[in-house]
Amino acid sequence: METRDVKPPLKFTEQLDLLVGRGCDVGDVQEAIAILEKVNYYRLSAYFLPFKDGDKYIMGTKLKTVYQRHEFDRELSYLLFGVIVSLELRLRTQISYRHAHTYGALGYLESENFLQTRHNHDKFMKSINRNIQHHKRQMFVRHHLTKYGGNFPLWVIVELFTLGDLSHFYADMKMADRKAISNQYNTTPKNLASWLICLTNLRNYCTHYTRLYFNKFAAVPATPRGYPHVLGKFVFDYILVLKFLSVSNPDWNNSFVVQLEALLEKYQDYIDLAHLGFPQNWLVLLKS
């Protein structure tokens, strides 16, 4: 396998020279260096993508605009993550409650309590044991290991699940169980399974500071039948997933939507809503 020497590290002044050489208006030099000291040059370079013209930047490209897009992205991630956490907690409760009350506190240990055509019980149990070992220093884990011989009721073990684990657990449940939960979101089991995958992807983007602006996700969320907007891979489509999952939240319009409007207004001079997948009727879609 051919190997190549990696690029040498550049000083902040050299990074600035590189931007200028590519046609970027960096503005005040000291302010520009202060930006580069706060945000990794490589990370910031991704926000230049809409301005690229070959190896150069289009005329009028400003470092301040690129930096403000980064800051908008950061604040948007924080806003979305707050909604995701709330939804995740509710889903953990509903999924574990349904399964435990149908099959018992330890019913998840029996493969017959899942959809046989999908569920890989050996893989599932290995994941359970890994989670227990990974969190064995936590007080409630030690408690169940010593007092109950390592028997964890589902409503306890579910607290060790990642959101991805929870998504797989739901997809592996029997149809009657999936329907009972999806009915609480006024949707179908197929749609809810899709939205849980998207919720996991969005959570990972937010927690790992992955760029949301001018970016697309791998999975396309399921569009509810008759919905006036066909969902795609942009962050706006994933925000709609949060809306669908927040069906029982009476404060959606007066809390999240208001905060989002304020954030968009704050950065309106620097962002392009098309780069986020926002259609012209985005506010109607989010509020309806």
# chains A, B, ... in the order shown; residues from 1 in each chain; ligands from 1
>>> closest_atom_pairs(of="segment 125-222 of chain A", to="segment 236-239 of chain A", cutoff="9 Å", atoms="only C-alpha atoms", output="Markdown table")
| residue | atom | partner | partner_atom | distance |
| --- | --- | --- | --- | --- |
| A:Trp195 | CA | A:Tyr238 | CA | 8.5 |
| A:Cys198 | CA | A:Tyr238 | CA | 6.9 |
| A:Leu199 | CA | A:Tyr238 | CA | 7.6 |
| A:Leu202 | CA | A:Tyr238 | CA | 7.2 |
| A:Phe217 | CA | A:Tyr238 | CA | 8.8 |
| A:Val220 | CA | A:Asp237 | CA | 8.4 |
| A:Pro221 | CA | A:Tyr238 | CA | 7.3 |
>>> write_last_selection(atoms="N, CA and C atoms", output="mmCIF file, in the first residue's frame")
data_model
loop_
_atom_site.group_PDB
_atom_site.id
_atom_site.type_symbol
_atom_site.label_atom_id
_atom_site.label_comp_id
_atom_site.auth_asym_id
_atom_site.auth_seq_id
_atom_site.Cartn_x
_atom_site.Cartn_y
_atom_site.Cartn_z
ATOM 1 N N TRP A 195 -37.799 6.710 12.024
ATOM 2 C CA TRP A 195 -37.506 7.943 12.766
ATOM 3 C C TRP A 195 -36.520 7.706 13.898
ATOM 4 N N CYS A 198 -33.133 7.805 12.405
ATOM 5 C CA CYS A 198 -32.767 9.198 12.118
ATOM 6 C C CYS A 198 -32.469 9.967 13.396
ATOM 7 N N LEU A 199 -33.231 9.693 14.436
ATOM 8 C CA LEU A 199 -32.984 10.343 15.723
ATOM 9 C C LEU A 199 -31.593 9.975 16.236
ATOM 10 N N LEU A 202 -29.005 11.885 14.140
ATOM 11 C CA LEU A 202 -28.965 13.298 14.502
ATOM 12 C C LEU A 202 -28.279 13.487 15.855
ATOM 13 N N PHE A 217 -27.546 13.738 5.654
ATOM 14 C CA PHE A 217 -27.477 12.500 6.417
ATOM 15 C C PHE A 217 -27.557 11.307 5.463
ATOM 16 N N VAL A 220 -32.789 8.497 4.834
ATOM 17 C CA VAL A 220 -33.941 9.346 4.520
ATOM 18 C C VAL A 220 -35.088 8.968 5.444
ATOM 19 N N PRO A 221 -35.606 9.913 6.238
ATOM 20 C CA PRO A 221 -36.719 9.587 7.142
ATOM 21 C C PRO A 221 -37.985 9.222 6.364
#
>>> residues_around(residues="Arg98 of chain A", least_positions_apart="2", cutoff="12 Å", atoms="only C-alpha atoms", output="PDB file with all heavy atoms, in the first residue's frame")
ATOM      1  N   LEU A  91     -38.919   7.727  25.075  1.00  0.00           N
ATOM      2  CA  LEU A  91     -38.901   6.478  24.309  1.00  0.00           C
ATOM      3  C   LEU A  91     -38.364   5.316  25.139  1.00  0.00           C
ATOM      4  O   LEU A  91     -38.874   4.196  25.062  1.00  0.00           O
ATOM      5  CB  LEU A  91     -38.061   6.657  23.040  1.00  0.00           C
ATOM      6  CG  LEU A  91     -38.726   7.458  21.926  1.00  0.00           C
ATOM      7  CD1 LEU A  91     -37.690   8.008  20.948  1.00  0.00           C
ATOM      8  CD2 LEU A  91     -39.742   6.580  21.185  1.00  0.00           C
ATOM      9  N   ARG A  92     -37.331   5.563  25.938  1.00  0.00           N
ATOM     10  CA  ARG A  92     -36.810   4.516  26.824  1.00  0.00           C
ATOM     11  C   ARG A  92     -37.914   4.013  27.749  1.00  0.00           C
ATOM     12  O   ARG A  92     -38.060   2.806  27.972  1.00  0.00           O
ATOM     13  CB  ARG A  92     -35.657   5.059  27.671  1.00  0.00           C
ATOM     14  CG  ARG A  92     -34.360   5.275  26.958  1.00  0.00           C
ATOM     15  CD  ARG A  92     -33.291   5.808  27.914  1.00  0.00           C
ATOM     16  NE  ARG A  92     -32.112   6.239  27.200  1.00  0.00           N
ATOM     17  CZ  ARG A  92     -31.123   5.425  26.821  1.00  0.00           C
ATOM     18  NH1 ARG A  92     -31.194   4.140  27.115  1.00  0.00           N
ATOM     19  NH2 ARG A  92     -30.086   5.897  26.170  1.00  0.00           N
ATOM     20  N   THR A  93     -38.660   4.956  28.296  1.00  0.00           N
ATOM     21  CA  THR A  93     -39.730   4.602  29.226  1.00  0.00           C
ATOM     22  C   THR A  93     -40.815   3.791  28.539  1.00  0.00           C
ATOM     23  O   THR A  93     -41.232   2.733  29.032  1.00  0.00           O
ATOM     24  CB  THR A  93     -40.345   5.876  29.836  1.00  0.00           C
ATOM     25  OG1 THR A  93     -39.337   6.591  30.530  1.00  0.00           O
ATOM     26  CG2 THR A  93     -41.467   5.531  30.799  1.00  0.00           C
ATOM     27  N   GLN A  94     -41.285   4.255  27.396  1.00  0.00           N
ATOM     28  CA  GLN A  94     -42.388   3.597  26.714  1.00  0.00           C
ATOM     29  C   GLN A  94     -42.018   2.207  26.223  1.00  0.00           C
ATOM     30  O   GLN A  94     -42.806   1.260  26.361  1.00  0.00           O
ATOM     31  CB  GLN A  94     -42.858   4.461  25.537  1.00  0.00           C
ATOM     32  CG  GLN A  94     -43.512   5.763  25.962  1.00  0.00           C
ATOM     33  CD  GLN A  94     -43.799   6.658  24.777  1.00  0.00           C
ATOM     34  OE1 GLN A  94     -43.070   6.664  23.791  1.00  0.00           O
ATOM     35  NE2 GLN A  94     -44.872   7.412  24.870  1.00  0.00           N
ATOM     36  N   ILE A  95     -40.824   2.084  25.638  1.00  0.00           N
ATOM     37  CA  ILE A  95     -40.411   0.801  25.083  1.00  0.00           C
ATOM     38  C   ILE A  95     -40.184  -0.224  26.189  1.00  0.00           C
ATOM     39  O   ILE A  95     -40.649  -1.377  26.098  1.00  0.00           O
ATOM     40  CB  ILE A  95     -39.146   0.982  24.213  1.00  0.00           C
ATOM     41  CG1 ILE A  95     -39.514   1.759  22.943  1.00  0.00           C
ATOM     42  CG2 ILE A  95     -38.532  -0.367  23.868  1.00  0.00           C
ATOM     43  CD1 ILE A  95     -38.319   2.139  22.083  1.00  0.00           C
ATOM     44  N   SER A  96     -39.478   0.153  27.249  1.00  0.00           N
ATOM     45  CA  SER A  96     -39.225  -0.796  28.335  1.00  0.00           C
ATOM     46  C   SER A  96     -40.516  -1.130  29.086  1.00  0.00           C
ATOM     47  O   SER A  96     -40.723  -2.274  29.510  1.00  0.00           O
ATOM     48  CB  SER A  96     -38.177  -0.233  29.301  1.00  0.00           C
ATOM     49  OG  SER A  96     -38.615   0.968  29.909  1.00  0.00           O
ATOM     50  N   ALA A 100     -41.706  -4.995  29.302  1.00  0.00           N
ATOM     51  CA  ALA A 100     -41.671  -5.585  30.640  1.00  0.00           C
ATOM     52  C   ALA A 100     -43.057  -5.993  31.113  1.00  0.00           C
ATOM     53  O   ALA A 100     -43.220  -7.052  31.747  1.00  0.00           O
ATOM     54  CB  ALA A 100     -41.047  -4.603  31.626  1.00  0.00           C
ATOM     55  N   HIS A 101     -44.076  -5.198  30.817  1.00  0.00           N
ATOM     56  CA  HIS A 101     -45.425  -5.521  31.254  1.00  0.00           C
ATOM     57  C   HIS A 101     -46.062  -6.609  30.401  1.00  0.00           C
ATOM     58  O   HIS A 101     -47.043  -7.226  30.815  1.00  0.00           O
ATOM     59  CB  HIS A 101     -46.298  -4.268  31.251  1.00  0.00           C
ATOM     60  CG  HIS A 101     -46.108  -3.420  32.465  1.00  0.00           C
ATOM     61  ND1 HIS A 101     -46.850  -3.569  33.618  1.00  0.00           N
ATOM     62  CD2 HIS A 101     -45.216  -2.426  32.724  1.00  0.00           C
ATOM     63  CE1 HIS A 101     -46.444  -2.704  34.527  1.00  0.00           C
ATOM     64  NE2 HIS A 101     -45.449  -2.002  34.018  1.00  0.00           N
ATOM     65  N   THR A 102     -45.490  -6.860  29.233  1.00  0.00           N
ATOM     66  CA  THR A 102     -46.001  -7.926  28.371  1.00  0.00           C
ATOM     67  C   THR A 102     -45.296  -9.250  28.636  1.00  0.00           C
ATOM     68  O   THR A 102     -45.936 -10.316  28.659  1.00  0.00           O
ATOM     69  CB  THR A 102     -45.831  -7.550  26.885  1.00  0.00           C
ATOM     70  OG1 THR A 102     -46.476  -6.300  26.639  1.00  0.00           O
ATOM     71  CG2 THR A 102     -46.457  -8.615  25.982  1.00  0.00           C
ATOM     72  N   TYR A 103     -43.987  -9.202  28.886  1.00  0.00           N
ATOM     73  CA  TYR A 103     -43.204 -10.433  28.987  1.00  0.00           C
ATOM     74  C   TYR A 103     -42.483 -10.595  30.324  1.00  0.00           C
ATOM     75  O   TYR A 103     -41.815 -11.604  30.538  1.00  0.00           O
ATOM     76  CB  TYR A 103     -42.167 -10.480  27.852  1.00  0.00           C
ATOM     77  CG  TYR A 103     -42.781 -10.305  26.494  1.00  0.00           C
ATOM     78  CD1 TYR A 103     -42.669  -9.091  25.813  1.00  0.00           C
ATOM     79  CD2 TYR A 103     -43.516 -11.332  25.887  1.00  0.00           C
ATOM     80  CE1 TYR A 103     -43.244  -8.919  24.561  1.00  0.00           C
ATOM     81  CE2 TYR A 103     -44.099 -11.160  24.642  1.00  0.00           C
ATOM     82  CZ  TYR A 103     -43.961  -9.954  23.994  1.00  0.00           C
ATOM     83  OH  TYR A 103     -44.553  -9.778  22.759  1.00  0.00           O
ATOM     84  N   GLY A 104     -42.604  -9.628  31.210  1.00  0.00           N
ATOM     85  CA  GLY A 104     -41.964  -9.724  32.511  1.00  0.00           C
ATOM     86  C   GLY A 104     -40.682  -8.925  32.590  1.00  0.00           C
ATOM     87  O   GLY A 104     -40.104  -8.526  31.568  1.00  0.00           O
ATOM     88  N   ALA A 105     -40.224  -8.718  33.814  1.00  0.00           N
ATOM     89  CA  ALA A 105     -39.042  -7.888  34.055  1.00  0.00           C
ATOM     90  C   ALA A 105     -37.800  -8.403  33.333  1.00  0.00           C
ATOM     91  O   ALA A 105     -36.961  -7.626  32.873  1.00  0.00           O
ATOM     92  CB  ALA A 105     -38.771  -7.816  35.551  1.00  0.00           C
ATOM     93  N   GLY A 107     -38.042 -10.595  30.698  1.00  0.00           N
ATOM     94  CA  GLY A 107     -38.504 -11.170  29.436  1.00  0.00           C
ATOM     95  C   GLY A 107     -37.589 -10.882  28.266  1.00  0.00           C
ATOM     96  O   GLY A 107     -37.580 -11.635  27.286  1.00  0.00           O
ATOM     97  N   TYR A 108     -36.800  -9.837  28.372  1.00  0.00           N
ATOM     98  CA  TYR A 108     -35.883  -9.499  27.271  1.00  0.00           C
ATOM     99  C   TYR A 108     -34.758 -10.521  27.135  1.00  0.00           C
ATOM    100  O   TYR A 108     -34.055 -10.555  26.114  1.00  0.00           O
ATOM    101  CB  TYR A 108     -35.296  -8.097  27.488  1.00  0.00           C
ATOM    102  CG  TYR A 108     -34.327  -7.982  28.632  1.00  0.00           C
ATOM    103  CD1 TYR A 108     -32.953  -8.091  28.430  1.00  0.00           C
ATOM    104  CD2 TYR A 108     -34.766  -7.762  29.942  1.00  0.00           C
ATOM    105  CE1 TYR A 108     -32.057  -7.978  29.478  1.00  0.00           C
ATOM    106  CE2 TYR A 108     -33.872  -7.650  31.000  1.00  0.00           C
ATOM    107  CZ  TYR A 108     -32.526  -7.761  30.766  1.00  0.00           C
ATOM    108  OH  TYR A 108     -31.638  -7.648  31.804  1.00  0.00           O
ATOM    109  N   ASN A 113     -39.446 -13.703  22.856  1.00  0.00           N
ATOM    110  CA  ASN A 113     -40.219 -12.485  23.124  1.00  0.00           C
ATOM    111  C   ASN A 113     -39.894 -11.356  22.149  1.00  0.00           C
ATOM    112  O   ASN A 113     -40.240 -10.200  22.394  1.00  0.00           O
ATOM    113  CB  ASN A 113     -39.979 -12.020  24.558  1.00  0.00           C
ATOM    114  CG  ASN A 113     -40.491 -13.019  25.574  1.00  0.00           C
ATOM    115  OD1 ASN A 113     -41.476 -13.723  25.326  1.00  0.00           O
ATOM    116  ND2 ASN A 113     -39.824 -13.106  26.720  1.00  0.00           N
ATOM    117  N   LEU A 154     -35.668  -4.992  32.879  1.00  0.00           N
ATOM    118  CA  LEU A 154     -35.539  -4.243  31.634  1.00  0.00           C
ATOM    119  C   LEU A 154     -35.498  -2.740  31.879  1.00  0.00           C
ATOM    120  O   LEU A 154     -34.739  -2.021  31.238  1.00  0.00           O
ATOM    121  CB  LEU A 154     -36.694  -4.595  30.680  1.00  0.00           C
ATOM    122  CG  LEU A 154     -36.676  -3.866  29.333  1.00  0.00           C
ATOM    123  CD1 LEU A 154     -35.364  -4.098  28.597  1.00  0.00           C
ATOM    124  CD2 LEU A 154     -37.859  -4.308  28.475  1.00  0.00           C
ATOM    125  N   TRP A 155     -36.318  -2.253  32.831  1.00  0.00           N
ATOM    126  CA  TRP A 155     -36.350  -0.809  33.063  1.00  0.00           C
ATOM    127  C   TRP A 155     -35.057  -0.290  33.680  1.00  0.00           C
ATOM    128  O   TRP A 155     -34.830   0.912  33.723  1.00  0.00           O
ATOM    129  CB  TRP A 155     -37.539  -0.426  33.935  1.00  0.00           C
ATOM    130  CG  TRP A 155     -37.599  -1.115  35.273  1.00  0.00           C
ATOM    131  CD1 TRP A 155     -37.011  -0.714  36.433  1.00  0.00           C
ATOM    132  CD2 TRP A 155     -38.286  -2.329  35.578  1.00  0.00           C
ATOM    133  NE1 TRP A 155     -37.283  -1.600  37.443  1.00  0.00           N
ATOM    134  CE2 TRP A 155     -38.073  -2.615  36.954  1.00  0.00           C
ATOM    135  CE3 TRP A 155     -39.074  -3.218  34.825  1.00  0.00           C
ATOM    136  CZ2 TRP A 155     -38.607  -3.728  37.583  1.00  0.00           C
ATOM    137  CZ3 TRP A 155     -39.606  -4.337  35.449  1.00  0.00           C
ATOM    138  CH2 TRP A 155     -39.374  -4.586  36.815  1.00  0.00           C
ATOM    139  N   PHE A 169     -33.702  -2.353  19.485  1.00  0.00           N
ATOM    140  CA  PHE A 169     -34.622  -3.069  20.363  1.00  0.00           C
ATOM    141  C   PHE A 169     -36.055  -2.903  19.856  1.00  0.00           C
ATOM    142  O   PHE A 169     -36.811  -3.875  19.773  1.00  0.00           O
ATOM    143  CB  PHE A 169     -34.499  -2.544  21.794  1.00  0.00           C
ATOM    144  CG  PHE A 169     -35.218  -3.365  22.821  1.00  0.00           C
ATOM    145  CD1 PHE A 169     -34.546  -4.344  23.549  1.00  0.00           C
ATOM    146  CD2 PHE A 169     -36.575  -3.173  23.083  1.00  0.00           C
ATOM    147  CE1 PHE A 169     -35.207  -5.118  24.498  1.00  0.00           C
ATOM    148  CE2 PHE A 169     -37.245  -3.933  24.027  1.00  0.00           C
ATOM    149  CZ  PHE A 169     -36.556  -4.917  24.733  1.00  0.00           C
ATOM    150  N   TYR A 170     -36.417  -1.662  19.518  1.00  0.00           N
ATOM    151  CA  TYR A 170     -37.773  -1.421  19.015  1.00  0.00           C
ATOM    152  C   TYR A 170     -38.010  -2.180  17.708  1.00  0.00           C
ATOM    153  O   TYR A 170     -39.058  -2.820  17.531  1.00  0.00           O
ATOM    154  CB  TYR A 170     -38.012   0.075  18.784  1.00  0.00           C
ATOM    155  CG  TYR A 170     -39.355   0.341  18.149  1.00  0.00           C
ATOM    156  CD1 TYR A 170     -40.526   0.303  18.897  1.00  0.00           C
ATOM    157  CD2 TYR A 170     -39.467   0.596  16.784  1.00  0.00           C
ATOM    158  CE1 TYR A 170     -41.772   0.501  18.312  1.00  0.00           C
ATOM    159  CE2 TYR A 170     -40.699   0.808  16.186  1.00  0.00           C
ATOM    160  CZ  TYR A 170     -41.846   0.760  16.956  1.00  0.00           C
ATOM    161  OH  TYR A 170     -43.076   0.945  16.362  1.00  0.00           O
ATOM    162  N   MET A 173     -38.882  -5.808  18.249  1.00  0.00           N
ATOM    163  CA  MET A 173     -40.078  -6.170  19.005  1.00  0.00           C
ATOM    164  C   MET A 173     -41.131  -6.775  18.084  1.00  0.00           C
ATOM    165  O   MET A 173     -41.146  -6.529  16.874  1.00  0.00           O
ATOM    166  CB  MET A 173     -40.648  -4.933  19.713  1.00  0.00           C
ATOM    167  CG  MET A 173     -39.743  -4.384  20.807  1.00  0.00           C
ATOM    168  SD  MET A 173     -40.328  -2.807  21.488  1.00  0.00           S
ATOM    169  CE  MET A 173     -41.665  -3.386  22.540  1.00  0.00           C
ATOM    170  N   LYS A 174     -42.027  -7.549  18.668  1.00  0.00           N
ATOM    171  CA  LYS A 174     -43.118  -8.127  17.891  1.00  0.00           C
ATOM    172  C   LYS A 174     -44.053  -7.022  17.413  1.00  0.00           C
ATOM    173  O   LYS A 174     -44.121  -5.946  18.000  1.00  0.00           O
ATOM    174  CB  LYS A 174     -43.875  -9.150  18.741  1.00  0.00           C
ATOM    175  CG  LYS A 174     -43.046 -10.383  19.090  1.00  0.00           C
ATOM    176  CD  LYS A 174     -43.859 -11.389  19.892  1.00  0.00           C
ATOM    177  CE  LYS A 174     -43.033 -12.636  20.192  1.00  0.00           C
ATOM    178  NZ  LYS A 174     -43.798 -13.651  20.961  1.00  0.00           N
ATOM    179  N   ALA A 176     -47.241  -6.458  17.455  1.00  0.00           N
ATOM    180  CA  ALA A 176     -48.243  -5.922  18.378  1.00  0.00           C
ATOM    181  C   ALA A 176     -47.612  -4.926  19.347  1.00  0.00           C
ATOM    182  O   ALA A 176     -48.220  -3.905  19.688  1.00  0.00           O
ATOM    183  CB  ALA A 176     -48.914  -7.051  19.150  1.00  0.00           C
ATOM    184  N   ASP A 177     -46.393  -5.206  19.777  1.00  0.00           N
ATOM    185  CA  ASP A 177     -45.695  -4.316  20.704  1.00  0.00           C
ATOM    186  C   ASP A 177     -45.266  -3.032  19.999  1.00  0.00           C
ATOM    187  O   ASP A 177     -45.379  -1.936  20.553  1.00  0.00           O
ATOM    188  CB  ASP A 177     -44.483  -5.024  21.304  1.00  0.00           C
ATOM    189  CG  ASP A 177     -44.870  -6.306  22.021  1.00  0.00           C
ATOM    190  OD1 ASP A 177     -45.881  -6.297  22.740  1.00  0.00           O
ATOM    191  OD2 ASP A 177     -44.150  -7.312  21.855  1.00  0.00           O
ATOM    192  N   ARG A 178     -44.771  -3.168  18.768  1.00  0.00           N
ATOM    193  CA  ARG A 178     -44.370  -1.977  18.016  1.00  0.00           C
ATOM    194  C   ARG A 178     -45.579  -1.088  17.726  1.00  0.00           C
ATOM    195  O   ARG A 178     -45.491   0.139  17.788  1.00  0.00           O
ATOM    196  CB  ARG A 178     -43.682  -2.387  16.717  1.00  0.00           C
ATOM    197  CG  ARG A 178     -42.227  -2.796  16.907  1.00  0.00           C
ATOM    198  CD  ARG A 178     -41.569  -3.166  15.597  1.00  0.00           C
ATOM    199  NE  ARG A 178     -42.005  -4.481  15.132  1.00  0.00           N
ATOM    200  CZ  ARG A 178     -42.116  -4.828  13.855  1.00  0.00           C
ATOM    201  NH1 ARG A 178     -41.855  -3.954  12.905  1.00  0.00           N
ATOM    202  NH2 ARG A 178     -42.481  -6.043  13.530  1.00  0.00           N
ATOM    203  N   LYS A 179     -46.706  -1.713  17.410  1.00  0.00           N
ATOM    204  CA  LYS A 179     -47.919  -0.934  17.133  1.00  0.00           C
ATOM    205  C   LYS A 179     -48.389  -0.181  18.369  1.00  0.00           C
ATOM    206  O   LYS A 179     -48.811   0.975  18.282  1.00  0.00           O
ATOM    207  CB  LYS A 179     -49.031  -1.857  16.641  1.00  0.00           C
ATOM    208  CG  LYS A 179     -48.932  -2.253  15.181  1.00  0.00           C
ATOM    209  CD  LYS A 179     -50.143  -3.068  14.765  1.00  0.00           C
ATOM    210  CE  LYS A 179     -50.093  -3.403  13.279  1.00  0.00           C
ATOM    211  NZ  LYS A 179     -51.277  -4.219  12.860  1.00  0.00           N
ATOM    212  N   ALA A 180     -48.308  -0.831  19.515  1.00  0.00           N
ATOM    213  CA  ALA A 180     -48.759  -0.198  20.759  1.00  0.00           C
ATOM    214  C   ALA A 180     -47.962   1.073  21.038  1.00  0.00           C
ATOM    215  O   ALA A 180     -48.506   2.059  21.554  1.00  0.00           O
ATOM    216  CB  ALA A 180     -48.629  -1.179  21.920  1.00  0.00           C
ATOM    217  N   ILE A 181     -46.684   1.058  20.700  1.00  0.00           N
ATOM    218  CA  ILE A 181     -45.837   2.228  20.932  1.00  0.00           C
ATOM    219  C   ILE A 181     -46.013   3.262  19.824  1.00  0.00           C
ATOM    220  O   ILE A 181     -46.152   4.463  20.093  1.00  0.00           O
ATOM    221  CB  ILE A 181     -44.371   1.804  21.052  1.00  0.00           C
ATOM    222  CG1 ILE A 181     -44.194   0.908  22.283  1.00  0.00           C
ATOM    223  CG2 ILE A 181     -43.447   3.020  21.148  1.00  0.00           C
ATOM    224  CD1 ILE A 181     -42.876   0.200  22.356  1.00  0.00           C
ATOM    225  N   SER A 182     -46.037   2.821  18.572  1.00  0.00           N
ATOM    226  CA  SER A 182     -46.174   3.776  17.464  1.00  0.00           C
ATOM    227  C   SER A 182     -47.515   4.500  17.511  1.00  0.00           C
ATOM    228  O   SER A 182     -47.615   5.649  17.069  1.00  0.00           O
ATOM    229  CB  SER A 182     -46.015   3.066  16.114  1.00  0.00           C
ATOM    230  OG  SER A 182     -47.038   2.118  15.901  1.00  0.00           O
ATOM    231  N   GLN A 184     -48.848   5.745  20.016  1.00  0.00           N
ATOM    232  CA  GLN A 184     -48.693   6.902  20.897  1.00  0.00           C
ATOM    233  C   GLN A 184     -48.106   8.096  20.154  1.00  0.00           C
ATOM    234  O   GLN A 184     -48.157   9.228  20.654  1.00  0.00           O
ATOM    235  CB  GLN A 184     -47.809   6.532  22.086  1.00  0.00           C
ATOM    236  CG  GLN A 184     -48.396   5.421  22.949  1.00  0.00           C
ATOM    237  CD  GLN A 184     -47.529   5.108  24.144  1.00  0.00           C
ATOM    238  OE1 GLN A 184     -47.146   6.005  24.894  1.00  0.00           O
ATOM    239  NE2 GLN A 184     -47.196   3.842  24.330  1.00  0.00           N
TER     240      GLN A 184
END
>>> residues_around(residues="Arg225 of chain A", least_positions_apart="3", cutoff="12 Å", atoms="only C-alpha atoms", output="list in words")
Asn186, Thr187, Thr188, Lys190, Asn191, Ala222, Pro228, His229, Val230 and Leu231 of chain A
>>> atom_distance(atom1="atom CA of Thr146 of chain A", atom2="atom CA of Phe124 of chain A")
22.8 Å
>>> select_by_dssp(residues="segment 22-269 of chain A", states="strand (DSSP E)", output="mmCIF file with N, CA and C atoms, in the first residue's frame")
data_model
loop_
_atom_site.group_PDB
_atom_site.id
_atom_site.type_symbol
_atom_site.label_atom_id
_atom_site.label_comp_id
_atom_site.auth_asym_id
_atom_site.auth_seq_id
_atom_site.Cartn_x
_atom_site.Cartn_y
_atom_site.Cartn_z
ATOM 1 N N LYS A 52 -16.415 27.272 -2.584
ATOM 2 C CA LYS A 52 -15.271 26.766 -3.344
ATOM 3 C C LYS A 52 -15.494 26.872 -4.847
ATOM 4 N N ASP A 53 -14.434 27.231 -5.532
ATOM 5 C CA ASP A 53 -14.398 27.245 -6.990
ATOM 6 C C ASP A 53 -13.057 26.650 -7.388
ATOM 7 N N LYS A 56 -9.781 27.571 -5.393
ATOM 8 C CA LYS A 56 -9.962 28.937 -4.911
ATOM 9 C C LYS A 56 -11.363 29.098 -4.318
ATOM 10 N N TYR A 57 -11.607 30.288 -3.763
ATOM 11 C CA TYR A 57 -12.930 30.634 -3.263
ATOM 12 C C TYR A 57 -13.537 31.688 -4.177
#
>>> closest_residue(among="A:Val141, A:Leu260, A:Leu245, A:Ile197", to="Tyr78 of chain A", atoms="only C-alpha atoms")
A:Leu260
